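Pasted below: query.cif, mmCIF, N, CA and C atoms.
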```
data_target
loop_
_atom_site.label_atom_id
_atom_site.label_comp_id
_atom_site.auth_asym_id
_atom_site.auth_seq_id
_atom_site.Cartn_x
_atom_site.Cartn_y
_atom_site.Cartn_z
N MET H 23 96.53 64.35 27.35
CA MET H 23 96.91 64.33 28.75
C MET H 23 96.08 65.37 29.50
N THR H 24 95.62 64.99 30.69
CA THR H 24 94.88 65.90 31.55
C THR H 24 95.78 66.31 32.70
N VAL H 25 95.93 67.61 32.90
CA VAL H 25 96.82 68.14 33.94
C VAL H 25 95.98 68.75 35.06
N LEU H 26 96.28 68.37 36.30
CA LEU H 26 95.62 68.96 37.45
C LEU H 26 96.44 70.15 37.92
N ASP H 27 95.80 71.29 38.08
CA ASP H 27 96.47 72.49 38.56
C ASP H 27 96.16 72.65 40.05
N ILE H 28 96.72 71.75 40.86
CA ILE H 28 96.50 71.75 42.32
C ILE H 28 97.87 71.74 42.99
N ASN H 29 98.07 72.63 43.96
CA ASN H 29 99.29 72.61 44.76
C ASN H 29 99.06 71.65 45.91
N PHE H 30 99.50 70.41 45.77
CA PHE H 30 99.25 69.40 46.79
C PHE H 30 100.03 69.65 48.07
N GLY H 31 100.97 70.58 48.06
CA GLY H 31 101.65 70.99 49.28
C GLY H 31 100.69 71.67 50.24
N ASP H 32 99.60 72.25 49.71
CA ASP H 32 98.60 72.92 50.54
C ASP H 32 97.45 72.00 50.93
N VAL H 33 97.48 70.75 50.48
CA VAL H 33 96.39 69.81 50.74
C VAL H 33 96.79 68.91 51.92
N PRO H 34 95.91 68.83 52.96
CA PRO H 34 96.26 67.96 54.09
C PRO H 34 96.27 66.49 53.68
N ASP H 35 96.95 65.66 54.48
CA ASP H 35 97.02 64.23 54.20
C ASP H 35 95.70 63.50 54.51
N GLU H 36 94.91 64.06 55.42
CA GLU H 36 93.63 63.47 55.81
C GLU H 36 92.55 64.53 55.76
N TYR H 37 91.34 64.10 55.44
CA TYR H 37 90.20 65.01 55.41
C TYR H 37 89.61 65.10 56.81
N GLU H 38 89.38 66.32 57.29
CA GLU H 38 88.76 66.51 58.60
C GLU H 38 87.24 66.42 58.43
N MET H 39 86.66 65.39 59.03
CA MET H 39 85.22 65.18 58.90
C MET H 39 84.44 66.22 59.67
N ILE H 40 83.33 66.63 59.10
CA ILE H 40 82.42 67.56 59.78
C ILE H 40 81.86 66.85 61.00
N GLU H 41 81.81 67.55 62.13
CA GLU H 41 81.26 66.96 63.35
C GLU H 41 79.74 66.82 63.22
N VAL H 42 79.22 65.82 63.92
CA VAL H 42 77.78 65.63 63.99
C VAL H 42 77.18 66.89 64.61
N GLY H 43 76.08 67.40 64.02
CA GLY H 43 75.46 68.59 64.57
C GLY H 43 74.50 69.24 63.59
N VAL H 44 74.05 70.42 63.95
CA VAL H 44 73.11 71.20 63.14
C VAL H 44 73.87 72.38 62.56
N TYR H 45 73.72 72.60 61.25
CA TYR H 45 74.46 73.65 60.56
C TYR H 45 73.55 74.41 59.59
N ASP H 46 73.85 75.70 59.45
CA ASP H 46 73.33 76.45 58.32
C ASP H 46 74.25 76.14 57.15
N ALA H 47 73.68 75.92 55.98
CA ALA H 47 74.49 75.54 54.83
C ALA H 47 73.83 76.06 53.55
N GLU H 48 74.68 76.34 52.58
CA GLU H 48 74.24 76.89 51.29
C GLU H 48 74.36 75.83 50.21
N ILE H 49 73.36 75.78 49.34
CA ILE H 49 73.45 74.88 48.18
C ILE H 49 74.53 75.45 47.24
N ASP H 50 75.57 74.65 47.01
CA ASP H 50 76.72 75.07 46.20
C ASP H 50 76.58 74.44 44.81
N GLY H 51 76.06 75.21 43.88
CA GLY H 51 75.83 74.69 42.53
C GLY H 51 74.40 74.22 42.37
N VAL H 52 74.04 73.93 41.16
CA VAL H 52 72.68 73.45 40.85
C VAL H 52 72.60 71.96 41.18
N PRO H 53 71.60 71.54 41.97
CA PRO H 53 71.45 70.10 42.24
C PRO H 53 71.34 69.31 40.93
N GLU H 54 71.94 68.13 40.93
CA GLU H 54 71.93 67.27 39.74
C GLU H 54 70.97 66.10 39.95
N VAL H 55 70.22 65.78 38.94
CA VAL H 55 69.33 64.62 38.98
C VAL H 55 69.98 63.52 38.16
N LYS H 56 70.21 62.36 38.81
CA LYS H 56 70.87 61.24 38.14
C LYS H 56 70.02 59.99 38.31
N VAL H 57 70.13 59.08 37.36
CA VAL H 57 69.42 57.80 37.45
C VAL H 57 70.08 56.98 38.55
N ALA H 58 69.25 56.42 39.43
CA ALA H 58 69.76 55.58 40.52
C ALA H 58 70.40 54.33 39.96
N SER H 59 71.44 53.85 40.63
CA SER H 59 72.12 52.64 40.16
C SER H 59 71.17 51.44 40.18
N SER H 60 70.14 51.48 41.04
CA SER H 60 69.17 50.39 41.10
C SER H 60 68.21 50.42 39.93
N GLY H 61 68.13 51.58 39.25
CA GLY H 61 67.21 51.73 38.14
C GLY H 61 65.78 52.03 38.57
N ASN H 62 65.56 52.20 39.88
CA ASN H 62 64.21 52.44 40.40
C ASN H 62 63.68 53.84 40.14
N GLY H 63 64.55 54.77 39.90
CA GLY H 63 64.13 56.16 39.73
C GLY H 63 65.35 57.07 39.71
N ASN H 64 65.15 58.30 40.12
CA ASN H 64 66.22 59.28 40.12
C ASN H 64 66.68 59.62 41.53
N VAL H 65 67.91 60.09 41.61
CA VAL H 65 68.48 60.57 42.86
C VAL H 65 68.92 62.02 42.63
N ILE H 66 68.52 62.90 43.54
CA ILE H 66 68.95 64.29 43.47
C ILE H 66 70.24 64.42 44.29
N HIS H 67 71.31 64.86 43.64
CA HIS H 67 72.61 65.06 44.29
C HIS H 67 72.74 66.55 44.61
N THR H 68 72.96 66.86 45.89
CA THR H 68 73.15 68.25 46.30
C THR H 68 74.50 68.40 46.99
N LYS H 69 75.13 69.53 46.78
CA LYS H 69 76.38 69.86 47.45
C LYS H 69 76.10 71.06 48.36
N TRP H 70 76.38 70.89 49.63
CA TRP H 70 76.11 71.92 50.63
C TRP H 70 77.42 72.46 51.18
N LYS H 71 77.52 73.78 51.32
CA LYS H 71 78.69 74.42 51.92
C LYS H 71 78.26 74.99 53.27
N ILE H 72 78.94 74.59 54.34
CA ILE H 72 78.61 75.05 55.69
C ILE H 72 78.83 76.56 55.78
N THR H 73 77.80 77.28 56.26
CA THR H 73 77.90 78.73 56.43
C THR H 73 77.89 79.13 57.90
N SER H 74 77.64 78.16 58.80
CA SER H 74 77.69 78.43 60.24
C SER H 74 79.13 78.76 60.63
N GLU H 75 79.30 79.76 61.50
CA GLU H 75 80.64 80.10 61.97
C GLU H 75 81.21 78.93 62.76
N GLY H 76 82.52 78.75 62.70
CA GLY H 76 83.17 77.70 63.46
C GLY H 76 84.20 76.96 62.63
N ASP H 77 84.66 75.85 63.18
CA ASP H 77 85.73 75.06 62.56
C ASP H 77 85.38 74.52 61.18
N PHE H 78 84.08 74.36 60.90
CA PHE H 78 83.68 73.71 59.65
C PHE H 78 83.13 74.69 58.61
N PHE H 79 83.26 75.99 58.89
CA PHE H 79 82.82 77.00 57.93
C PHE H 79 83.52 76.77 56.59
N GLY H 80 82.73 76.71 55.52
CA GLY H 80 83.28 76.51 54.18
C GLY H 80 83.46 75.06 53.77
N LYS H 81 83.36 74.12 54.71
CA LYS H 81 83.46 72.69 54.37
C LYS H 81 82.21 72.27 53.60
N THR H 82 82.34 71.23 52.80
CA THR H 82 81.19 70.77 52.02
C THR H 82 80.77 69.36 52.42
N ILE H 83 79.49 69.09 52.19
CA ILE H 83 78.92 67.76 52.42
C ILE H 83 77.90 67.53 51.31
N MET H 84 77.83 66.30 50.86
CA MET H 84 76.91 65.94 49.79
C MET H 84 75.60 65.40 50.37
N GLY H 85 74.51 65.68 49.67
CA GLY H 85 73.22 65.12 50.03
C GLY H 85 72.67 64.32 48.86
N PHE H 86 71.97 63.24 49.16
CA PHE H 86 71.41 62.37 48.12
C PHE H 86 69.96 62.07 48.47
N LEU H 87 69.04 62.42 47.57
CA LEU H 87 67.61 62.27 47.83
C LEU H 87 66.95 61.42 46.75
N CYS H 88 66.31 60.33 47.16
CA CYS H 88 65.61 59.44 46.23
C CYS H 88 64.25 60.04 45.88
N THR H 89 63.89 59.96 44.61
CA THR H 89 62.62 60.52 44.15
C THR H 89 61.49 59.50 44.12
N TRP H 90 61.77 58.22 44.33
CA TRP H 90 60.75 57.19 44.14
C TRP H 90 60.21 56.61 45.44
N THR H 91 60.74 56.99 46.60
CA THR H 91 60.20 56.47 47.86
C THR H 91 59.43 57.57 48.58
N ASP H 92 58.49 57.15 49.42
CA ASP H 92 57.72 58.13 50.19
C ASP H 92 58.64 58.95 51.09
N MET H 93 59.59 58.28 51.75
CA MET H 93 60.52 58.98 52.63
C MET H 93 61.37 59.96 51.84
N GLY H 94 61.81 59.56 50.66
CA GLY H 94 62.60 60.45 49.82
C GLY H 94 61.83 61.69 49.42
N LYS H 95 60.56 61.50 49.07
CA LYS H 95 59.73 62.64 48.67
C LYS H 95 59.51 63.59 49.84
N VAL H 96 59.32 63.04 51.05
CA VAL H 96 59.19 63.89 52.24
C VAL H 96 60.48 64.67 52.47
N ASP H 97 61.64 64.00 52.33
CA ASP H 97 62.93 64.68 52.51
C ASP H 97 63.14 65.78 51.47
N ILE H 98 62.74 65.53 50.23
CA ILE H 98 62.88 66.56 49.19
C ILE H 98 62.02 67.77 49.56
N LYS H 99 60.79 67.51 50.01
CA LYS H 99 59.91 68.61 50.41
C LYS H 99 60.51 69.40 51.57
N LYS H 100 61.05 68.69 52.58
CA LYS H 100 61.67 69.36 53.72
C LYS H 100 62.88 70.18 53.29
N MET H 101 63.69 69.62 52.37
CA MET H 101 64.85 70.37 51.89
C MET H 101 64.41 71.66 51.22
N LEU H 102 63.43 71.57 50.33
CA LEU H 102 62.96 72.75 49.61
C LEU H 102 62.38 73.79 50.57
N LYS H 103 61.60 73.32 51.55
CA LYS H 103 61.02 74.24 52.53
C LYS H 103 62.12 74.86 53.41
N SER H 104 63.15 74.08 53.74
CA SER H 104 64.27 74.60 54.51
C SER H 104 64.97 75.74 53.76
N LEU H 105 64.97 75.63 52.43
CA LEU H 105 65.58 76.66 51.59
C LEU H 105 64.64 77.85 51.36
N GLY H 106 63.42 77.78 51.92
CA GLY H 106 62.46 78.86 51.76
C GLY H 106 61.74 78.84 50.43
N MET H 107 61.71 77.69 49.78
CA MET H 107 61.10 77.59 48.46
C MET H 107 59.64 77.15 48.54
N ASP H 108 58.86 77.56 47.56
CA ASP H 108 57.46 77.17 47.44
C ASP H 108 57.41 75.72 46.95
N VAL H 109 56.64 74.89 47.63
CA VAL H 109 56.57 73.48 47.26
C VAL H 109 55.24 73.12 46.59
N ASP H 110 54.46 74.13 46.21
CA ASP H 110 53.20 73.87 45.50
C ASP H 110 53.49 73.89 44.01
N GLY H 111 53.24 72.78 43.34
CA GLY H 111 53.47 72.71 41.90
C GLY H 111 54.89 72.28 41.57
N GLN H 112 55.29 72.54 40.35
CA GLN H 112 56.62 72.13 39.88
C GLN H 112 57.71 72.99 40.52
N VAL H 113 58.88 72.40 40.66
CA VAL H 113 60.03 73.09 41.25
C VAL H 113 61.18 73.09 40.26
N ASP H 114 61.76 74.24 40.06
CA ASP H 114 62.96 74.36 39.22
C ASP H 114 64.17 74.25 40.15
N LEU H 115 64.88 73.12 40.09
CA LEU H 115 66.00 72.88 41.01
C LEU H 115 67.12 73.90 40.85
N SER H 116 67.21 74.55 39.70
CA SER H 116 68.26 75.56 39.52
C SER H 116 68.05 76.74 40.48
N GLU H 117 66.81 76.92 40.95
CA GLU H 117 66.52 77.99 41.90
C GLU H 117 67.05 77.70 43.30
N CYS H 118 67.49 76.47 43.54
CA CYS H 118 68.08 76.11 44.84
C CYS H 118 69.47 76.70 45.02
N GLU H 119 70.18 76.87 43.92
CA GLU H 119 71.57 77.31 43.97
C GLU H 119 71.71 78.61 44.76
N GLY H 120 72.62 78.60 45.74
CA GLY H 120 72.91 79.79 46.54
C GLY H 120 71.98 80.00 47.72
N LYS H 121 70.91 79.22 47.82
CA LYS H 121 69.99 79.37 48.95
C LYS H 121 70.56 78.68 50.18
N VAL H 122 70.21 79.20 51.36
CA VAL H 122 70.71 78.66 52.63
C VAL H 122 69.57 77.97 53.36
N GLY H 123 69.87 76.78 53.87
CA GLY H 123 68.94 76.02 54.68
C GLY H 123 69.64 75.53 55.93
N ARG H 124 68.92 74.76 56.73
CA ARG H 124 69.47 74.22 57.98
C ARG H 124 69.47 72.71 57.87
N ILE H 125 70.64 72.10 58.08
CA ILE H 125 70.79 70.65 57.94
C ILE H 125 71.26 70.02 59.24
N VAL H 126 70.89 68.77 59.43
CA VAL H 126 71.37 67.97 60.55
C VAL H 126 72.34 66.95 59.98
N VAL H 127 73.58 66.98 60.45
CA VAL H 127 74.61 66.04 60.00
C VAL H 127 74.75 64.94 61.04
N SER H 128 74.69 63.69 60.57
CA SER H 128 74.82 62.55 61.47
C SER H 128 75.98 61.65 61.02
N ALA H 129 76.36 60.75 61.91
CA ALA H 129 77.44 59.79 61.61
C ALA H 129 76.84 58.55 60.96
N GLY H 130 77.60 57.95 60.10
CA GLY H 130 77.19 56.70 59.47
C GLY H 130 78.43 55.88 59.15
N THR H 131 78.21 54.74 58.53
CA THR H 131 79.32 53.91 58.08
C THR H 131 79.01 53.41 56.68
N MET H 132 80.07 53.07 55.97
CA MET H 132 79.92 52.44 54.66
C MET H 132 80.99 51.35 54.55
N THR H 133 80.67 50.34 53.78
CA THR H 133 81.63 49.26 53.55
C THR H 133 82.18 49.39 52.15
N ASP H 134 83.50 49.43 52.05
CA ASP H 134 84.17 49.49 50.75
C ASP H 134 83.92 48.17 50.03
N LYS H 135 83.32 48.24 48.84
CA LYS H 135 82.95 47.03 48.11
C LYS H 135 84.17 46.24 47.64
N LEU H 136 85.30 46.91 47.46
CA LEU H 136 86.50 46.21 46.99
C LEU H 136 87.27 45.56 48.12
N THR H 137 87.44 46.29 49.23
CA THR H 137 88.28 45.79 50.31
C THR H 137 87.50 45.17 51.46
N GLY H 138 86.21 45.52 51.57
CA GLY H 138 85.42 45.04 52.70
C GLY H 138 85.62 45.88 53.95
N ASP H 139 86.50 46.89 53.88
CA ASP H 139 86.75 47.75 55.04
C ASP H 139 85.54 48.63 55.33
N THR H 140 85.26 48.83 56.62
CA THR H 140 84.19 49.73 57.04
C THR H 140 84.80 51.08 57.35
N LYS H 141 84.17 52.14 56.82
CA LYS H 141 84.66 53.49 57.01
C LYS H 141 83.57 54.35 57.63
N GLU H 142 84.00 55.27 58.50
CA GLU H 142 83.07 56.23 59.08
C GLU H 142 82.75 57.31 58.05
N THR H 143 81.51 57.73 58.02
CA THR H 143 81.08 58.76 57.08
C THR H 143 80.24 59.80 57.81
N ARG H 144 79.91 60.85 57.10
CA ARG H 144 78.94 61.84 57.56
C ARG H 144 77.87 61.95 56.49
N GLN H 145 76.65 62.18 56.94
CA GLN H 145 75.54 62.29 56.00
C GLN H 145 74.55 63.32 56.50
N ILE H 146 73.78 63.86 55.56
CA ILE H 146 72.72 64.77 55.94
C ILE H 146 71.54 63.90 56.37
N LYS H 147 71.20 64.00 57.64
CA LYS H 147 70.14 63.18 58.23
C LYS H 147 68.77 63.83 58.04
N GLU H 148 68.75 65.17 58.13
CA GLU H 148 67.45 65.85 58.10
C GLU H 148 67.63 67.30 57.64
N TYR H 149 66.55 67.86 57.15
CA TYR H 149 66.49 69.26 56.73
C TYR H 149 65.48 69.93 57.65
N LEU H 150 65.91 70.97 58.37
CA LEU H 150 65.05 71.63 59.34
C LEU H 150 64.30 72.79 58.71
N VAL H 151 63.02 72.88 59.03
CA VAL H 151 62.16 73.92 58.50
C VAL H 151 61.79 74.85 59.66
N SER H 152 61.99 76.14 59.46
CA SER H 152 61.67 77.12 60.52
C SER H 152 60.19 77.31 60.65
#
```
Kindly present the structure from the file in structure tokens form.
Amino acid sequence: MTVLDINFGDVPDEYEMIEVGVYDAEIDGVPEVKVASSGNGNVIHTKWKITSEGDFFGKTIMGFLCTWTDMGKVDIKKMLKSLGMDVDGQVDLSECEGKVGRIVVSAGTMTDKLTGDTKETRQIKEYLVS
């Protein structure tokens, strides 16, 4: 048996979505590289924690970067540069952990494959480089 040690009395009934905007955010944990469901290549999964002061301080948002498309490679480069990392040569993704970058959060939608319902989402649209 697996037991969850969570006090659900402290958990809200609905998740408050991060507003569309520009935020400073920290990479929370080491980015994970996973095989894409399409089998075309890998996807880098990143977890970002908002560090900008305000209502969304401490909230998290996930980022997903494809390694096999030109656009994905540009986004990976922008993310690394936003974090202040050197992009010449090989990159150790574990060095991303704890670094702060600037992200643009935009609105999107997704369709639930089981129910067909459309849901509003938030996604990282861009990584800003100073």
Best match for closeness to H:Ile49 among H:Asp134, H:Asp97, H:Asp114, H:Glu119, counting only N, CA and C atoms: H:Glu119
Between atom N of H:Ile72 and atom N of H:Gly106, what is the distance in Å, rounded to a tenth? 16.0 Å
Distance criterion (only N, CA and C atoms): nearest to H:Phe86 out of H:Leu115, H:Val44, H:Ile146, H:Val52: H:Ile146
Point out the residue among H:Asp46, H:Thr133, H:Thr140, H:Ser116 with the least atom-to-atom distance to H:Gly80, counting only C-alpha atoms.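 For H:Gly80, the nearest of the candidates is H:Asp46.
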Please, what distance in Å, to one decimal, runs between atom CA of H:His67 and atom N of H:Gly94?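 If I compute the distance from atom CA of H:His67 to atom N of H:Gly94, I get 13.7 Å.
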Between atom CA of H:Ala47 and atom CA of H:Arg144, measure the distance and give it in Å to one decimal.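 Computing it gives 14.7 Å between the two atoms.
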Which of chain H counts as strand (DSSP E or B) under DSSP, as JSON, numbers by chain please? {"H": [43, 44, 45, 46, 47, 48, 49, 54, 55, 56, 57, 64, 65, 66, 67, 68, 69, 70, 71, 72, 82, 83, 84, 85, 86, 87, 88, 122, 123, 124, 125, 126, 127, 128, 129, 130, 131, 132, 133, 140, 141, 142, 143, 144, 145, 146, 147, 148, 149, 150]}
H:Val126 environment, 7 Å, all atoms listed in the file, sequence neighbours closer than 4 positions dropped, as a VMD selection string: chain H and resid 42 to 45 145 to 150
Would you please work out which residue, of H:Gly130, H:Gly31, H:Gly85, H:Gly123, is nearest to H:Ile66 when using all atoms listed in the file? H:Gly85
In chain H, what's helix (DSSP H, G or I) per DSSP? Answer as a list in words?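 Everything in chain H that counts as helix (DSSP H, G or I) is Phe30, Gly31, Asp32, Asp92, Met93, Gly94, Lys95, Val96, Asp97, Ile98, Lys99, Lys100, Met101, Leu102, Lys103, Ser104, Leu115, Ser116, Glu117 and Cys118 of chain H.
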Enumerate, as a list in words, the protein, DNA and RNA residues whose atoms approach (82.5, 67.5, 50.1) to within 8 Å, taking into account all atoms listed in the file and the coordinate frame of the file.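 Returned residue set, sorted by chain then number, is Lys69, Trp70, Lys81, Thr82, Ile83 and Met84 of chain H.
In this comparison, which uses only C-alpha atoms, the residue of H:Cys118, H:Val33, H:Val113, H:Val127 approaching H:Thr68 most closely is H:Cys118.
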Select all residues near (84.9, 60.5, 61.4) (cut-off 8 Å, inclusive, file coordinates), counting all atoms listed in the file, and output them as a JSON list (two decimals) with N, CA and C atoms, in the frame of the given file.
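Generated output (out05.json):
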```
[["chain", "number", "residue", "atom", "x", "y", "z"],
["H", 38, "GLU", "N", 89.38, 66.32, 57.29],
["H", 38, "GLU", "CA", 88.76, 66.51, 58.60],
["H", 38, "GLU", "C", 87.24, 66.42, 58.43],
["H", 39, "MET", "N", 86.66, 65.39, 59.03],
["H", 39, "MET", "CA", 85.22, 65.18, 58.90],
["H", 39, "MET", "C", 84.44, 66.22, 59.67],
["H", 40, "ILE", "N", 83.33, 66.63, 59.10],
["H", 40, "ILE", "CA", 82.42, 67.56, 59.78],
["H", 40, "ILE", "C", 81.86, 66.85, 61.00],
["H", 41, "GLU", "N", 81.81, 67.55, 62.13],
["H", 41, "GLU", "CA", 81.26, 66.96, 63.35],
["H", 41, "GLU", "C", 79.74, 66.82, 63.22],
["H", 129, "ALA", "N", 76.36, 60.75, 61.91],
["H", 129, "ALA", "CA", 77.44, 59.79, 61.61],
["H", 129, "ALA", "C", 76.84, 58.55, 60.96],
["H", 130, "GLY", "N", 77.60, 57.95, 60.10],
["H", 130, "GLY", "CA", 77.19, 56.70, 59.47],
["H", 130, "GLY", "C", 78.43, 55.88, 59.15],
["H", 141, "LYS", "N", 84.17, 52.14, 56.82],
["H", 141, "LYS", "CA", 84.66, 53.49, 57.01],
["H", 141, "LYS", "C", 83.57, 54.35, 57.63],
["H", 142, "GLU", "N", 84.00, 55.27, 58.50],
["H", 142, "GLU", "CA", 83.07, 56.23, 59.08],
["H", 142, "GLU", "C", 82.75, 57.31, 58.05],
["H", 143, "THR", "N", 81.51, 57.73, 58.02],
["H", 143, "THR", "CA", 81.08, 58.76, 57.08],
["H", 143, "THR", "C", 80.24, 59.80, 57.81],
["H", 144, "ARG", "N", 79.91, 60.85, 57.10],
["H", 144, "ARG", "CA", 78.94, 61.84, 57.56],
["H", 144, "ARG", "C", 77.87, 61.95, 56.49]]
```
Between H:Tyr37, H:Asp50, H:Thr91, H:Asp77, which is the closest to H:Gly63 once you count only C-alpha atoms?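 Comparing H:Tyr37, H:Asp50, H:Thr91, H:Asp77 against H:Gly63, the winner is H:Thr91.
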Starting from the PyMOL selection byres ((chain H and resi 90) around 7), expand the selection into actual residues of this file and give them as a ChimeraX atom specification. /H:62-65,87-89,91-95
